[in-house]
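Everything below concerns the one structure shown next.
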Amino acid sequence: MNNAAQVKELLEELVRSTDSPVYAVCEQIVSYLKHHPQQRNLTIGGLRAALKRSAQEDNVLIQSAFTLVGHPFQALEVRYKLYDEQIEDVLEELDHSTYMQAVSVQHFIDDDGNDIAIDDLNARIFPYFINLSRQDEEVRVQASMRQY
């Protein structure tokens, strides 16, 4: 559904009918993305700063971002950066299904063949979110340009 207007409309209804803080923050995220369409990659820290929230509210912020990944919203896509043991350099990036597979089997084999236990993986992996509504806009613009 990643049309921003439809997502916003659905979220407004959910906020009214459920009183859920998660949906309220989802609505704030979608509103932020609507006003800042150039934002493509979003971290929890970046969303915290953009929405002027405290670190104590990260749990709701994380739940909200992940809510926007799923059906029916599909406004964001989640990806993960795997850092080295010192959390200094990104070793590789994982999509959600690869991460979930690692969780399922309780380990991950990186590009270099290293077997990483799930606890170590979770200590070194950080999610970020991709704004999908921007991609839709770009596709529509490219399609309209091809018509000329």
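In the structure tokens, chains take the letters A, B, ... in the order shown, each chain's residues start at 1, and ligands count up from 1 in the order shown.
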Show me, as number ranges by chain, the residues that have an atom within 12 Å of Thr98 of chain A when counting only C-alpha atoms, minus same-chain residues fewer than 3 positions from it. A: 78-82, 92-95, 101-110
Against segment 116-133 of chain A, which residues of segment 26-76 of chain A fall within 12 Å? For each one I want the closest pair of atoms and the distance in Å (one decimal), counting only C-alpha atoms, rows by chain and increasing residue number, as a Markdown table.
| residue | atom | partner | partner_atom | distance |
| --- | --- | --- | --- | --- |
| A:Ile29 | CA | A:Asn131 | CA | 10.3 |
| A:Val30 | CA | A:Ser133 | CA | 9.4 |
| A:Ser31 | CA | A:Ser133 | CA | 11.6 |
| A:Tyr32 | CA | A:Asn131 | CA | 10.9 |
| A:Leu33 | CA | A:Asn131 | CA | 7.5 |
| A:Lys34 | CA | A:Ser133 | CA | 8.5 |
| A:His35 | CA | A:Ser133 | CA | 11.7 |
| A:His36 | CA | A:Asn131 | CA | 10.3 |
| A:Pro37 | CA | A:Ser133 | CA | 8.0 |
| A:Gln38 | CA | A:Asn131 | CA | 9.1 |
| A:Gln39 | CA | A:Asn131 | CA | 7.0 |
| A:Arg40 | CA | A:Asn131 | CA | 5.0 |
| A:Asn41 | CA | A:Ile130 | CA | 4.7 |
| A:Leu42 | CA | A:Phe129 | CA | 4.9 |
| A:Thr43 | CA | A:Tyr128 | CA | 4.6 |
| A:Ile44 | CA | A:Tyr128 | CA | 7.0 |
| A:Gly45 | CA | A:Tyr128 | CA | 9.6 |
| A:Gly46 | CA | A:Tyr128 | CA | 9.6 |
| A:Leu47 | CA | A:Phe129 | CA | 9.8 |
| A:Ile62 | CA | A:Pro127 | CA | 9.5 |
| A:Ser64 | CA | A:Phe129 | CA | 11.4 |
| A:Ala65 | CA | A:Phe129 | CA | 7.6 |
| A:Phe66 | CA | A:Phe129 | CA | 8.6 |
| A:Thr67 | CA | A:Phe129 | CA | 11.4 |
| A:Leu68 | CA | A:Phe129 | CA | 9.6 |
| A:Val69 | CA | A:Phe129 | CA | 8.3 |
| A:Gly70 | CA | A:Leu132 | CA | 11.9 |
| A:Phe73 | CA | A:Leu132 | CA | 10.3 |
| A:Gln74 | CA | A:Leu132 | CA | 7.4 |
| A:Ala75 | CA | A:Leu132 | CA | 5.3 |
| A:Leu76 | CA | A:Asn131 | CA | 4.9 |
With C-alpha atoms retained, write the just-selected residues as a compact mmCIF listing (two decimals), in the first residue's frame.
# COMPACT_ATOMS: atom_id res chain seq x y z
CA ILE A 29 7.05 8.88 10.73
CA VAL A 30 4.83 8.91 7.63
CA SER A 31 4.20 12.63 8.07
CA TYR A 32 7.95 13.24 8.38
CA LEU A 33 8.62 11.22 5.22
CA LYS A 34 5.93 13.12 3.35
CA HIS A 35 7.60 16.43 4.24
CA HIS A 36 11.13 15.09 3.65
CA PRO A 37 10.87 12.85 0.56
CA GLN A 38 14.62 13.12 -0.01
CA GLN A 39 15.15 10.95 3.08
CA ARG A 40 15.91 7.49 1.78
CA ASN A 41 17.77 5.61 4.52
CA LEU A 42 16.56 6.03 8.08
CA THR A 43 18.13 4.81 11.29
CA ILE A 44 16.45 4.70 14.68
CA GLY A 45 18.78 7.48 15.86
CA GLY A 46 17.95 9.57 12.82
CA LEU A 47 14.23 9.07 13.32
CA ILE A 62 11.43 0.71 16.80
CA SER A 64 6.57 1.75 14.79
CA ALA A 65 9.28 1.52 12.14
CA PHE A 66 8.87 -2.25 11.95
CA THR A 67 5.08 -1.83 11.77
CA LEU A 68 5.53 0.35 8.69
CA VAL A 69 7.55 -2.45 7.06
CA GLY A 70 4.67 -4.92 7.16
CA PHE A 73 1.54 -0.31 5.14
CA GLN A 74 4.72 -1.32 3.31
CA ALA A 75 6.01 2.23 3.60
CA LEU A 76 9.47 1.13 4.72
List every residue of segment 2-141 of chain A that DSSP, applied to the backbone, labels as helix (DSSP H, G or I), and write the result as number ranges by chain. A: 4-18, 21-35, 44-50, 55-69, 96-105, 118-124, 132-141
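Closest to Gln6 of chain A among A:Asp89, A:Pro72, A:Leu61, A:Tyr83 is A:Pro72, based on only C-alpha atoms.
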Proximity to Val60 of chain A - best of A:Asp112, A:Glu85, A:Tyr99, A:Ser20, only C-alpha atoms: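 Looking only at the distances to Val60 of chain A, the closest residue turns out to be A:Ser20.
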Pick out each residue of chain A that DSSP on the backbone tags as strand (DSSP E); I need them as a ChimeraX atom specification. /A:41-42,76-83,90-95,107-109,115-117,125-131
Okay, now the selection with C-alpha atoms, as a PDB file, in the first residue's frame?
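Written file, part_39.pdb:
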ATOM      1  CA  ASN A  41      17.770   5.614   4.524  1.00  0.00           C
ATOM      2  CA  LEU A  42      16.557   6.031   8.078  1.00  0.00           C
ATOM      3  CA  LEU A  76       9.471   1.130   4.722  1.00  0.00           C
ATOM      4  CA  GLU A  77      11.834  -1.728   3.974  1.00  0.00           C
ATOM      5  CA  VAL A  78      14.163  -2.956   6.711  1.00  0.00           C
ATOM      6  CA  ARG A  79      17.792  -3.874   6.029  1.00  0.00           C
ATOM      7  CA  TYR A  80      20.629  -4.586   8.422  1.00  0.00           C
ATOM      8  CA  LYS A  81      24.263  -3.534   8.611  1.00  0.00           C
ATOM      9  CA  LEU A  82      26.637  -6.093  10.089  1.00  0.00           C
ATOM     10  CA  TYR A  83      29.602  -4.436  11.796  1.00  0.00           C
ATOM     11  CA  VAL A  90      30.359  -2.293   8.132  1.00  0.00           C
ATOM     12  CA  LEU A  91      31.261  -5.760   6.886  1.00  0.00           C
ATOM     13  CA  GLU A  92      28.115  -6.398   4.880  1.00  0.00           C
ATOM     14  CA  GLU A  93      24.438  -5.647   4.592  1.00  0.00           C
ATOM     15  CA  LEU A  94      21.623  -8.140   4.985  1.00  0.00           C
ATOM     16  CA  ASP A  95      18.043  -8.062   3.840  1.00  0.00           C
ATOM     17  CA  HIS A 107      23.868 -18.552  13.316  1.00  0.00           C
ATOM     18  CA  PHE A 108      24.985 -16.630  10.245  1.00  0.00           C
ATOM     19  CA  ILE A 109      27.753 -17.335   7.754  1.00  0.00           C
ATOM     20  CA  ASP A 115      30.232 -18.660  11.247  1.00  0.00           C
ATOM     21  CA  ILE A 116      28.724 -16.080  13.606  1.00  0.00           C
ATOM     22  CA  ALA A 117      26.583 -17.256  16.533  1.00  0.00           C
ATOM     23  CA  ILE A 125      23.845  -5.902  13.569  1.00  0.00           C
ATOM     24  CA  PHE A 126      21.831  -2.713  13.319  1.00  0.00           C
ATOM     25  CA  PRO A 127      18.646  -2.146  11.338  1.00  0.00           C
ATOM     26  CA  TYR A 128      17.981   0.759   9.051  1.00  0.00           C
ATOM     27  CA  PHE A 129      14.887   1.514   7.042  1.00  0.00           C
ATOM     28  CA  ILE A 130      14.445   2.458   3.411  1.00  0.00           C
ATOM     29  CA  ASN A 131      11.697   4.907   2.485  1.00  0.00           C
TER      30      ASN A 131
END
Using Å and a single decimal, report how far atom CA of Glu9 of chain A sits from atom CA of Glu57 of chain A. 24.1 Å
Between atom CA of Thr18 of chain A and atom CA of Leu51 of chain A, what is the spacing in Å?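 Spanning atom CA of Leu51 of chain A to atom CA of Thr18 of chain A is a straight-line distance of 21.5 Å.
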Length of the atom CA of Ser54 of chain A to atom CA of Asn3 of chain A vector [Å]: 28.6 Å
Quick one: residues within 9 Å of Ala24 of chain A, only C-alpha atoms, excluding same-chain residues fewer than 5 positions away - as a list of chain:residue names? A:Leu11, A:Glu12, A:Leu14, A:Val15, A:Asp19, A:Ile29, A:Ser64
